[in-house]
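In what follows, a single structure is set out as structure tokens and then discussed.
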Amino acid sequence: MSNGIMMYSTSWCPDCRTAKRVLKEEQIAFTEIDIEKDESARELVVKLNGGNQVVPTIVFPDGSMLVEPSAAVLKEKIASLR
């Protein structure tokens, strides 16, 4: 799988930690960007989420996106990409 998965997160977010754990367990390469350290990434997250700063926001190579997904939903999406 290509490394086109982008995960926008913060260091303190429990849902972000869950998403990272799932991606690592499934051996999925991804790029993580902390929106508290990257202003342009924060602005993108706000734009993608209709004005809301919501993490994790995970953007996939096909242009689809998951926002605050449960572990089960994220695993289902990963399975659909394989």
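As shown in the structure tokens, the chain order sets the letters A, B, ...; within each chain, residues go from 1, and ligands are also counted from 1 in the order they appear.
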
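Running DSSP on the backbone gives strand (DSSP E or B) for these residues within chain A: Met6, Met7, Tyr8, Ser9, Thr31, Glu32, Ile33, Asp34, Thr57, Ile58, Val59, Met65, Leu66 and Val67 of chain A.
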
With C-alpha atoms kept, could you save the residues just selected as a short mmCIF file (atom, residue, chain, number, x, y, z; two decimals), in the first residue's frame?
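Saved file part31.cif follows:
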data_model
loop_
_atom_site.label_atom_id
_atom_site.label_comp_id
_atom_site.auth_asym_id
_atom_site.auth_seq_id
_atom_site.Cartn_x
_atom_site.Cartn_y
_atom_site.Cartn_z
CA MET A 6 -2.14 11.39 6.05
CA MET A 7 -3.23 11.50 9.67
CA TYR A 8 -3.77 14.91 11.20
CA SER A 9 -3.57 14.67 14.99
CA THR A 31 2.34 10.26 7.68
CA GLU A 32 1.30 11.95 10.90
CA ILE A 33 1.10 15.72 11.21
CA ASP A 34 0.51 17.39 14.57
CA THR A 57 -8.67 13.45 10.51
CA ILE A 58 -7.32 10.70 8.27
CA VAL A 59 -7.10 11.32 4.52
CA MET A 65 -11.52 10.73 4.72
CA LEU A 66 -12.34 9.41 8.19
CA VAL A 67 -12.81 11.72 11.15
#

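Of all the residues in stretch 7-64 of chain A, the ones DSSP labels as alpha helix (DSSP H) from the backbone are A:Pro14, A:Asp15, A:Cys16, A:Arg17, A:Thr18, A:Ala19, A:Lys20, A:Arg21, A:Val22, A:Leu23, A:Lys24, A:Glu25, A:Glu39, A:Ser40, A:Ala41, A:Arg42, A:Glu43, A:Leu44, A:Val45, A:Val46, A:Lys47, A:Leu48.
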
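Considering the residues A:Leu81, A:Leu48, A:Val54, A:Ala29 and counting only C-alpha atoms, A:Pro69 has its shortest atom-to-atom contact with A:Val54.
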
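Proximity ranking of A:Gly50, A:Glu43, A:Ile5, A:Lys75 relative to A:Phe30 places A:Ile5 first, based on only C-alpha atoms.
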